[in-house]
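Single-structure report; data block below.
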Amino acid sequence: MTPATAAEKAPHTPTATAPSPDQAAPWAPENDSIPPQKALHPALRPSVGRGPALQLTLPAPSGRYPVGTFSQHLVDKSRTDPYVRGRARELMVTYWYPAASTSGHAQTPWMPSLSGNHFLHSRGLSPQQVTLPQTAGHALAPVDTRLGKLPVLLYSTGLHSDRAMGTALTQDLASRGYLVVTVDHTHDAGEVEFPGRRLEVNKMPAGSHSSDTLNVRAADIRFVINQLGTIAKGGNPDVDHAKLPSGLSHAVDTSRIGMFGWSLGGAAVDTAMQLDRRIAAGANLDGQFFGTAPSKDLSRPFMLFSSGTHNRNNDSSWRQLWPHLKGYRVDIQLHGSRHRSFSDNEVMVPQEAGLLGLSPDQLKQEFGPIDPDRAIKIQRDYVAAFFDQELRHKHSTLLDGPAKSYPEISFVR
């Protein structure tokens, strides 16, 4: 039995040990967006048009509130796009929030049609084969103003991934009373659809250094926080003057801001917190750090949340950061999971397995033996517990140590 297999069999409290020089890093950012078909058998895929399209689904949110959503087109005129010459930096972001009512407000798709089709084609699939999920978010539903000002969470996704890839987690946090803003980092993301059906794709130069990418993302996040301040003052930063949901300006609490991200987006949390002190707490979901940020002290609360094959015992960047976390810190590991388990891939790819020709063994190799719905539930509960503690001052015993109801979680001391 290999050490990794043993770790899956029996959750434990690991200690940090040095990795071997030739050790593979399945959590590295270059693995964030590998199209699944690269590991598949094309001959096993059914032909286009054979039967109705497969409708993918996401787990329903677990919180008490219905969810509203809308997207914004933002332009930072103070910055040029680092990947395309002669353009100001522009972003698409999506807001998720507790809604007062969803009647008359349609559910939104996981991705707009143009970017969604591009996403499917990148996986060797087509809209005739697969229909991407509907979200739990209802377009422009009124904000539930009875809740007062809402703590804000920002989300950054994996390298060449899309802001939609965190939907299962972000819409759940919204159902628990958070205003969550998901950010697409244009020309780093695989595809971003702008108003007017304009599609922008990954245009990062070959050999781009990850630390430079993190600095771009951190600057994007700081800009988005500034736009939240504009909304809180009654303004609308959308360059196309798109409508805002009623009650939004009174719901934005810029004094309680957290950030979380998956993979390179998780690494961006530390970089963004170093750049912008308004981010009061951060959580990294299985992301390797780069650059100088992990060698700098950080006095605000931080969560490290890793997959079953990744932690301080085999990632030197995590070991480097740990002693520099001077505020509250917690390092937990989700046994039975893999790197891409911290994205919507965890629940979507198993549904597509027949189309993709993925065997049960291949699925287990890519996502680990944990049940997909269980993996999502655990992530939801622990991420919410962390931000509830740090932004709402609601203590959760989940963060005190191992819990009998969550045997898949161990604490790295």
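The way I read the labels, and the way they are meant: chains A, B, ... in the order of the structure tokens, residue 1 as the first residue of every chain, and ligand 1 as the first ligand shown, with later ones counted on from there.
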Who sits within 9 Å of Ala174 in chain A, only C-alpha atoms, same chain under 5 positions skipped, as a PyMOL selection string = chain A and resi 61+63+65-68+96-99+169+179-180
Pick out the residues sitting within 8 Å of Glu408 in chain A, and hand them over as an MDAnalysis selection string; count only C-alpha atoms, and ignore anything fewer than 3 positions along from it in its own chain.
-> chainID A and resid 11 333:336
Deliver the residues from the most recent selection as a file, using N, CA and C atoms, as a PDB file, in the first residue's frame.
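Listed below is the output, part-v5.pdb:
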ATOM      1  N   PRO A  11      -7.895   8.546   8.052  1.00  0.00           N
ATOM      2  CA  PRO A  11      -7.588   9.945   8.328  1.00  0.00           C
ATOM      3  C   PRO A  11      -6.701  10.064   9.556  1.00  0.00           C
ATOM      4  N   GLN A 333      -7.499  18.848   5.775  1.00  0.00           N
ATOM      5  CA  GLN A 333      -7.323  18.003   4.603  1.00  0.00           C
ATOM      6  C   GLN A 333      -8.562  17.145   4.398  1.00  0.00           C
ATOM      7  N   LEU A 334      -9.053  17.105   3.153  1.00  0.00           N
ATOM      8  CA  LEU A 334     -10.238  16.321   2.806  1.00  0.00           C
ATOM      9  C   LEU A 334      -9.790  15.003   2.181  1.00  0.00           C
ATOM     10  N   HIS A 335      -9.770  13.958   2.980  1.00  0.00           N
ATOM     11  CA  HIS A 335      -9.309  12.651   2.508  1.00  0.00           C
ATOM     12  C   HIS A 335     -10.309  12.061   1.521  1.00  0.00           C
ATOM     13  N   GLY A 336      -9.773  11.347   0.559  1.00  0.00           N
ATOM     14  CA  GLY A 336     -10.590  10.747  -0.482  1.00  0.00           C
ATOM     15  C   GLY A 336     -10.830  11.646  -1.669  1.00  0.00           C
TER      16      GLY A 336
END
Would you give me, as JSON lines, each residue of range 49-147 of chain A having an atom within 10 Å of an atom of range 200-220 of chain A, along with its shortest atom pair and that distance in Å to one decimal, using only C-alpha atoms and sorting by chain and residue number?
{"residue": "A:Asp76", "atom": "CA", "partner": "A:Asp220", "partner_atom": "CA", "distance": 8.6}
{"residue": "A:Arg79", "atom": "CA", "partner": "A:Ala219", "partner_atom": "CA", "distance": 9.2}
{"residue": "A:Asp81", "atom": "CA", "partner": "A:Val216", "partner_atom": "CA", "distance": 9.2}
{"residue": "A:Pro82", "atom": "CA", "partner": "A:Val216", "partner_atom": "CA", "distance": 7.7}
{"residue": "A:Tyr83", "atom": "CA", "partner": "A:Met204", "partner_atom": "CA", "distance": 5.7}
{"residue": "A:Val84", "atom": "CA", "partner": "A:Lys203", "partner_atom": "CA", "distance": 7.5}
{"residue": "A:Arg89", "atom": "CA", "partner": "A:Asp220", "partner_atom": "CA", "distance": 8.5}
{"residue": "A:Glu90", "atom": "CA", "partner": "A:Asp220", "partner_atom": "CA", "distance": 9.0}
{"residue": "A:Leu91", "atom": "CA", "partner": "A:Asp220", "partner_atom": "CA", "distance": 8.0}
{"residue": "A:Ser115", "atom": "CA", "partner": "A:Glu200", "partner_atom": "CA", "distance": 8.7}
{"residue": "A:His118", "atom": "CA", "partner": "A:Val201", "partner_atom": "CA", "distance": 9.1}
Take the selection from the previous step and output its residues with N, CA, C and O atoms, as a compact mmCIF listing (two decimals), in the first residue's frame.
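Listed below is the output, part_0.txt:
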# COMPACT_ATOMS: atom_id res chain seq x y z
N ASP A 76 -11.49 48.66 -15.81
CA ASP A 76 -10.53 49.39 -14.99
C ASP A 76 -9.69 50.26 -15.92
O ASP A 76 -8.71 49.81 -16.51
N ARG A 79 -5.74 50.65 -15.66
CA ARG A 79 -4.80 49.57 -15.99
C ARG A 79 -4.98 49.14 -17.43
O ARG A 79 -6.11 49.09 -17.94
N ASP A 81 -4.63 45.96 -20.12
CA ASP A 81 -4.71 44.51 -20.03
C ASP A 81 -3.29 43.94 -20.18
O ASP A 81 -2.59 44.26 -21.14
N PRO A 82 -2.85 43.12 -19.24
CA PRO A 82 -1.48 42.60 -19.31
C PRO A 82 -1.28 41.58 -20.43
O PRO A 82 -0.14 41.24 -20.75
N TYR A 83 -2.36 41.06 -21.00
CA TYR A 83 -2.25 40.00 -21.98
C TYR A 83 -2.59 40.44 -23.41
O TYR A 83 -2.29 39.73 -24.35
N VAL A 84 -3.25 41.59 -23.55
CA VAL A 84 -3.63 42.10 -24.87
C VAL A 84 -3.27 43.58 -24.93
O VAL A 84 -3.80 44.38 -24.15
N ARG A 89 -8.08 47.13 -18.86
CA ARG A 89 -8.41 45.86 -18.21
C ARG A 89 -9.92 45.79 -17.98
O ARG A 89 -10.51 46.69 -17.36
N GLU A 90 -10.56 44.77 -18.51
CA GLU A 90 -12.01 44.61 -18.32
C GLU A 90 -12.31 43.22 -17.79
O GLU A 90 -11.61 42.25 -18.10
N LEU A 91 -13.35 43.15 -16.98
CA LEU A 91 -13.70 41.92 -16.27
C LEU A 91 -15.20 41.67 -16.37
O LEU A 91 -15.99 42.60 -16.49
N SER A 115 -20.11 31.19 -24.32
CA SER A 115 -18.98 30.68 -23.54
C SER A 115 -19.21 29.23 -23.14
O SER A 115 -18.27 28.42 -23.08
N HIS A 118 -18.25 27.03 -26.00
CA HIS A 118 -16.79 26.98 -26.12
C HIS A 118 -16.21 26.05 -25.05
O HIS A 118 -15.30 25.25 -25.32
Contact residues around range 228-245 of chain A with only C-alpha atoms at 9 Å, ignoring same-chain residues under 6 positions, as a list of chain:residue names = A:Gly68, A:Thr69, A:Phe70, A:Ser71, A:Gln72, A:His73, A:Leu74, A:Val75, A:Ala139, A:Leu140, A:Ala141, A:Pro142, A:Val143, A:Pro195, A:Ala251, A:Val252, A:Asp253, A:Thr254
May I have the selected residues written with N, CA, C and O atoms, as a PDB file, in the first residue's frame?
ATOM      1  N   GLY A  68     -30.436  34.983  -5.398  1.00  0.00           N
ATOM      2  CA  GLY A  68     -30.494  35.879  -6.539  1.00  0.00           C
ATOM      3  C   GLY A  68     -29.120  36.021  -7.153  1.00  0.00           C
ATOM      4  O   GLY A  68     -28.098  35.749  -6.503  1.00  0.00           O
ATOM      5  N   THR A  69     -29.079  36.450  -8.400  1.00  0.00           N
ATOM      6  CA  THR A  69     -27.789  36.600  -9.076  1.00  0.00           C
ATOM      7  C   THR A  69     -27.894  37.610 -10.212  1.00  0.00           C
ATOM      8  O   THR A  69     -28.980  37.850 -10.746  1.00  0.00           O
ATOM      9  N   PHE A  70     -26.779  38.189 -10.582  1.00  0.00           N
ATOM     10  CA  PHE A  70     -26.660  39.023 -11.775  1.00  0.00           C
ATOM     11  C   PHE A  70     -25.178  39.166 -12.080  1.00  0.00           C
ATOM     12  O   PHE A  70     -24.328  38.893 -11.228  1.00  0.00           O
ATOM     13  N   SER A  71     -24.871  39.593 -13.288  1.00  0.00           N
ATOM     14  CA  SER A  71     -23.479  39.775 -13.701  1.00  0.00           C
ATOM     15  C   SER A  71     -23.226  41.223 -14.086  1.00  0.00           C
ATOM     16  O   SER A  71     -24.158  41.955 -14.453  1.00  0.00           O
ATOM     17  N   GLN A  72     -21.957  41.627 -14.007  1.00  0.00           N
ATOM     18  CA  GLN A  72     -21.562  42.979 -14.370  1.00  0.00           C
ATOM     19  C   GLN A  72     -20.341  42.963 -15.275  1.00  0.00           C
ATOM     20  O   GLN A  72     -19.465  42.101 -15.162  1.00  0.00           O
ATOM     21  N   HIS A  73     -20.299  43.955 -16.150  1.00  0.00           N
ATOM     22  CA  HIS A  73     -19.169  44.218 -17.030  1.00  0.00           C
ATOM     23  C   HIS A  73     -18.427  45.428 -16.454  1.00  0.00           C
ATOM     24  O   HIS A  73     -18.972  46.523 -16.392  1.00  0.00           O
ATOM     25  N   LEU A  74     -17.204  45.204 -16.001  1.00  0.00           N
ATOM     26  CA  LEU A  74     -16.426  46.236 -15.336  1.00  0.00           C
ATOM     27  C   LEU A  74     -15.173  46.545 -16.152  1.00  0.00           C
ATOM     28  O   LEU A  74     -14.549  45.637 -16.702  1.00  0.00           O
ATOM     29  N   VAL A  75     -14.806  47.811 -16.204  1.00  0.00           N
ATOM     30  CA  VAL A  75     -13.593  48.224 -16.902  1.00  0.00           C
ATOM     31  C   VAL A  75     -12.739  49.074 -15.971  1.00  0.00           C
ATOM     32  O   VAL A  75     -13.221  50.064 -15.409  1.00  0.00           O
ATOM     33  N   ALA A 139     -32.279  35.518 -11.757  1.00  0.00           N
ATOM     34  CA  ALA A 139     -31.754  36.753 -12.322  1.00  0.00           C
ATOM     35  C   ALA A 139     -32.433  37.990 -11.741  1.00  0.00           C
ATOM     36  O   ALA A 139     -33.661  38.146 -11.816  1.00  0.00           O
ATOM     37  N   LEU A 140     -31.611  38.846 -11.124  1.00  0.00           N
ATOM     38  CA  LEU A 140     -32.043  40.159 -10.614  1.00  0.00           C
ATOM     39  C   LEU A 140     -33.162  40.079  -9.587  1.00  0.00           C
ATOM     40  O   LEU A 140     -33.926  41.033  -9.401  1.00  0.00           O
ATOM     41  N   ALA A 141     -33.271  38.938  -8.897  1.00  0.00           N
ATOM     42  CA  ALA A 141     -34.238  38.852  -7.793  1.00  0.00           C
ATOM     43  C   ALA A 141     -33.883  39.900  -6.737  1.00  0.00           C
ATOM     44  O   ALA A 141     -32.707  40.211  -6.529  1.00  0.00           O
ATOM     45  N   PRO A 142     -34.867  40.488  -6.057  1.00  0.00           N
ATOM     46  CA  PRO A 142     -34.566  41.522  -5.065  1.00  0.00           C
ATOM     47  C   PRO A 142     -33.763  40.967  -3.890  1.00  0.00           C
ATOM     48  O   PRO A 142     -33.979  39.825  -3.463  1.00  0.00           O
ATOM     49  N   VAL A 143     -32.839  41.757  -3.395  1.00  0.00           N
ATOM     50  CA  VAL A 143     -32.027  41.352  -2.250  1.00  0.00           C
ATOM     51  C   VAL A 143     -32.897  41.311  -0.996  1.00  0.00           C
ATOM     52  O   VAL A 143     -33.773  42.157  -0.805  1.00  0.00           O
ATOM     53  N   PRO A 195     -21.049  41.272 -22.826  1.00  0.00           N
ATOM     54  CA  PRO A 195     -22.285  41.700 -23.503  1.00  0.00           C
ATOM     55  C   PRO A 195     -22.068  41.854 -25.009  1.00  0.00           C
ATOM     56  O   PRO A 195     -20.977  42.210 -25.467  1.00  0.00           O
ATOM     57  N   ALA A 251     -27.122  46.554   1.005  1.00  0.00           N
ATOM     58  CA  ALA A 251     -26.756  45.230   1.516  1.00  0.00           C
ATOM     59  C   ALA A 251     -25.257  44.979   1.524  1.00  0.00           C
ATOM     60  O   ALA A 251     -24.801  43.995   2.112  1.00  0.00           O
ATOM     61  N   VAL A 252     -24.478  45.833   0.882  1.00  0.00           N
ATOM     62  CA  VAL A 252     -23.041  45.582   0.740  1.00  0.00           C
ATOM     63  C   VAL A 252     -22.294  46.069   1.974  1.00  0.00           C
ATOM     64  O   VAL A 252     -22.286  47.263   2.275  1.00  0.00           O
ATOM     65  N   ASP A 253     -21.661  45.156   2.675  1.00  0.00           N
ATOM     66  CA  ASP A 253     -20.887  45.514   3.871  1.00  0.00           C
ATOM     67  C   ASP A 253     -19.395  45.447   3.536  1.00  0.00           C
ATOM     68  O   ASP A 253     -18.781  44.381   3.596  1.00  0.00           O
ATOM     69  N   THR A 254     -18.824  46.574   3.180  1.00  0.00           N
ATOM     70  CA  THR A 254     -17.402  46.594   2.806  1.00  0.00           C
ATOM     71  C   THR A 254     -16.478  46.531   4.018  1.00  0.00           C
ATOM     72  O   THR A 254     -15.255  46.488   3.854  1.00  0.00           O
TER      73      THR A 254
END
Closest of A:Leu356, A:Met92, A:Ala53, A:Met348 to Gly124 in chain A - atom-to-atom distances counting only C-alpha atoms |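 Of the candidates, the smallest distance to Gly124 in chain A is held by A:Leu356.
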Please indicate the distance in Å from CA of Ala168 in chain A to CA of Gly137 in chain A, rounded to one decimal place.
-> 10.8 Å
Minimum-distance residue to Leu173 in chain A, chosen among A:Ala375, A:Leu153, A:Gln362, A:Asp344 (using only C-alpha atoms) = A:Leu153
Report as a PyMOL selection string: the residues of range 290-384 of chain A with a DSSP assignment of strand (DSSP E), based on the backbone of this structure.
-> chain A and resi 302-306+329-334
Please produce a file of the residues just selected, as a PDB file, in the first residue's frame, where the atoms kept are N, CA and C atoms.
ATOM      1  N   PHE A 302      -6.551  32.879   8.170  1.00  0.00           N
ATOM      2  CA  PHE A 302      -6.329  32.176   6.901  1.00  0.00           C
ATOM      3  C   PHE A 302      -6.590  30.686   7.080  1.00  0.00           C
ATOM      4  N   MET A 303      -7.284  30.117   6.089  1.00  0.00           N
ATOM      5  CA  MET A 303      -7.554  28.675   6.062  1.00  0.00           C
ATOM      6  C   MET A 303      -6.834  28.040   4.883  1.00  0.00           C
ATOM      7  N   LEU A 304      -6.131  26.943   5.154  1.00  0.00           N
ATOM      8  CA  LEU A 304      -5.611  26.055   4.125  1.00  0.00           C
ATOM      9  C   LEU A 304      -6.502  24.818   4.098  1.00  0.00           C
ATOM     10  N   PHE A 305      -7.032  24.492   2.932  1.00  0.00           N
ATOM     11  CA  PHE A 305      -7.978  23.386   2.801  1.00  0.00           C
ATOM     12  C   PHE A 305      -7.522  22.557   1.595  1.00  0.00           C
ATOM     13  N   SER A 306      -7.006  21.361   1.863  1.00  0.00           N
ATOM     14  CA  SER A 306      -6.355  20.610   0.801  1.00  0.00           C
ATOM     15  C   SER A 306      -7.057  19.302   0.473  1.00  0.00           C
ATOM     16  N   ARG A 329      -5.133  30.623  12.220  1.00  0.00           N
ATOM     17  CA  ARG A 329      -4.803  29.790  11.069  1.00  0.00           C
ATOM     18  C   ARG A 329      -5.319  28.382  11.300  1.00  0.00           C
ATOM     19  N   VAL A 330      -5.713  27.740  10.216  1.00  0.00           N
ATOM     20  CA  VAL A 330      -6.175  26.365  10.301  1.00  0.00           C
ATOM     21  C   VAL A 330      -5.813  25.677   8.997  1.00  0.00           C
ATOM     22  N   ASP A 331      -5.388  24.428   9.094  1.00  0.00           N
ATOM     23  CA  ASP A 331      -4.962  23.643   7.942  1.00  0.00           C
ATOM     24  C   ASP A 331      -5.687  22.310   8.004  1.00  0.00           C
ATOM     25  N   ILE A 332      -6.621  22.093   7.075  1.00  0.00           N
ATOM     26  CA  ILE A 332      -7.410  20.866   7.076  1.00  0.00           C
ATOM     27  C   ILE A 332      -7.275  20.158   5.735  1.00  0.00           C
ATOM     28  N   GLN A 333      -7.499  18.848   5.775  1.00  0.00           N
ATOM     29  CA  GLN A 333      -7.323  18.003   4.603  1.00  0.00           C
ATOM     30  C   GLN A 333      -8.562  17.145   4.398  1.00  0.00           C
ATOM     31  N   LEU A 334      -9.053  17.105   3.153  1.00  0.00           N
ATOM     32  CA  LEU A 334     -10.238  16.321   2.806  1.00  0.00           C
ATOM     33  C   LEU A 334      -9.790  15.003   2.181  1.00  0.00           C
TER      34      LEU A 334
END
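Picture a line from CA of Phe119 in chain A to CA of Tyr382 in chain A; it runs 29.2 Å.
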With range 310-322 of chain A as the partner and 12 Å as the cut-off, tabulate the residues of range 187-284 of chain A that qualify, each row holding the nearest pair of atoms and their distance in Å to one decimal, using only C-alpha atoms, sorted by chain and rising number, as a Markdown table.
| residue | atom | partner | partner_atom | distance |
| --- | --- | --- | --- | --- |
| A:Ser263 | CA | A:His310 | CA | 11.4 |
| A:Gly266 | CA | A:Trp318 | CA | 11.6 |
| A:Ala267 | CA | A:Ser317 | CA | 9.8 |
| A:Asp270 | CA | A:Leu321 | CA | 9.3 |
| A:Thr271 | CA | A:Leu321 | CA | 11.5 |
| A:Asn284 | CA | A:Trp318 | CA | 10.3 |
Pick out the residues sitting within 10 Å of Leu363 in chain A, and hand them over as a list of chain:residue names; count only C-alpha atoms, and ignore anything fewer than 5 positions along from it in its own chain.
->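 After dropping sequence-adjacent residues, the list is A:Glu346, A:Val349, A:Pro350, A:Ala353, A:Leu358, A:Gly368, A:Pro369.
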Run DSSP on the backbone of this structure and report the residues of range 221-276 of chain A it assigns to helix (DSSP H, G or I), as a PyMOL selection string.
-> chain A and resi 221-232+264-275
Take the residues that were just selected and, keeping C-alpha atoms, output them as a CSV table (one decimal), in the first residue's frame.
chain,number,residue,atom,x,y,z
A,221,ILE,CA,-9.7,41.7,-6.9
A,222,ARG,CA,-8.7,45.1,-5.5
A,223,PHE,CA,-10.5,46.8,-8.4
A,224,VAL,CA,-13.6,44.7,-7.8
A,225,ILE,CA,-13.6,45.6,-4.1
A,226,ASN,CA,-13.5,49.3,-5.2
A,227,GLN,CA,-16.5,48.7,-7.4
A,228,LEU,CA,-18.4,47.2,-4.4
A,229,GLY,CA,-17.7,50.5,-2.6
A,230,THR,CA,-19.3,52.3,-5.5
A,231,ILE,CA,-22.4,50.1,-5.2
A,232,ALA,CA,-22.6,50.6,-1.4
A,264,LEU,CA,-4.2,29.2,-8.5
A,265,GLY,CA,-7.2,31.2,-7.3
A,266,GLY,CA,-6.5,29.9,-3.8
A,267,ALA,CA,-2.9,31.1,-4.1
A,268,ALA,CA,-4.2,34.5,-5.3
A,269,VAL,CA,-5.9,34.9,-1.9
A,270,ASP,CA,-2.6,35.4,-0.1
A,271,THR,CA,-1.3,37.8,-2.8
A,272,ALA,CA,-4.6,39.8,-2.8
A,273,MET,CA,-4.5,40.0,1.0
A,274,GLN,CA,-1.0,41.3,0.9
A,275,LEU,CA,-2.1,44.0,-1.6
Residues within 8 Å of range 388-397 of chain A, please, as a PDB file with N, CA and C atoms, in the first residue's frame. Count only C-alpha atoms; anything in the same chain fewer than 2 positions from it doesn't count.
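Dumped everything to around15.pdb:
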ATOM      1  N   PRO A 151     -22.119  40.247   4.727  1.00  0.00           N
ATOM      2  CA  PRO A 151     -20.676  40.058   4.536  1.00  0.00           C
ATOM      3  C   PRO A 151     -20.389  39.654   3.096  1.00  0.00           C
ATOM      4  N   ARG A 256     -16.714  43.944   6.052  1.00  0.00           N
ATOM      5  CA  ARG A 256     -16.587  42.498   6.294  1.00  0.00           C
ATOM      6  C   ARG A 256     -16.386  41.800   4.949  1.00  0.00           C
ATOM      7  N   ILE A 257     -15.133  41.719   4.530  1.00  0.00           N
ATOM      8  CA  ILE A 257     -14.808  41.126   3.236  1.00  0.00           C
ATOM      9  C   ILE A 257     -13.879  39.939   3.439  1.00  0.00           C
ATOM     10  N   GLY A 258     -14.223  38.825   2.822  1.00  0.00           N
ATOM     11  CA  GLY A 258     -13.372  37.647   2.800  1.00  0.00           C
ATOM     12  C   GLY A 258     -13.100  37.241   1.363  1.00  0.00           C
ATOM     13  N   ALA A 280     -10.435  40.720   5.023  1.00  0.00           N
ATOM     14  CA  ALA A 280     -10.243  40.422   6.439  1.00  0.00           C
ATOM     15  C   ALA A 280      -9.921  38.967   6.730  1.00  0.00           C
ATOM     16  N   ALA A 281     -10.232  38.063   5.805  1.00  0.00           N
ATOM     17  CA  ALA A 281      -9.988  36.629   6.025  1.00  0.00           C
ATOM     18  C   ALA A 281      -9.896  35.952   4.676  1.00  0.00           C
ATOM     19  N   PRO A 301      -6.850  36.198   9.530  1.00  0.00           N
ATOM     20  CA  PRO A 301      -7.155  34.759   9.549  1.00  0.00           C
ATOM     21  C   PRO A 301      -7.033  34.122   8.175  1.00  0.00           C
ATOM     22  N   ALA A 384     -17.951  27.626   5.038  1.00  0.00           N
ATOM     23  CA  ALA A 384     -18.920  28.471   5.729  1.00  0.00           C
ATOM     24  C   ALA A 384     -18.568  28.629   7.204  1.00  0.00           C
ATOM     25  N   ALA A 385     -18.136  27.549   7.840  1.00  0.00           N
ATOM     26  CA  ALA A 385     -17.765  27.635   9.255  1.00  0.00           C
ATOM     27  C   ALA A 385     -16.628  28.627   9.461  1.00  0.00           C
ATOM     28  N   PHE A 386     -15.647  28.603   8.555  1.00  0.00           N
ATOM     29  CA  PHE A 386     -14.513  29.526   8.673  1.00  0.00           C
ATOM     30  C   PHE A 386     -14.955  30.974   8.526  1.00  0.00           C
ATOM     31  N   LEU A 399     -14.248  23.757  13.610  1.00  0.00           N
ATOM     32  CA  LEU A 399     -12.875  24.222  13.478  1.00  0.00           C
ATOM     33  C   LEU A 399     -12.026  23.905  14.710  1.00  0.00           C
ATOM     34  N   ASP A 400     -12.624  23.292  15.718  1.00  0.00           N
ATOM     35  CA  ASP A 400     -11.887  22.978  16.944  1.00  0.00           C
ATOM     36  C   ASP A 400     -11.007  21.739  16.800  1.00  0.00           C
ATOM     37  N   GLY A 401     -11.373  20.858  15.894  1.00  0.00           N
ATOM     38  CA  GLY A 401     -10.630  19.613  15.729  1.00  0.00           C
ATOM     39  C   GLY A 401     -11.491  18.568  15.044  1.00  0.00           C
TER      40      GLY A 401
END
Just give me the gap between CA of Thr292 in chain A and CA of Asn31 in chain A in Å, one decimal is fine.
-> 22.1 Å
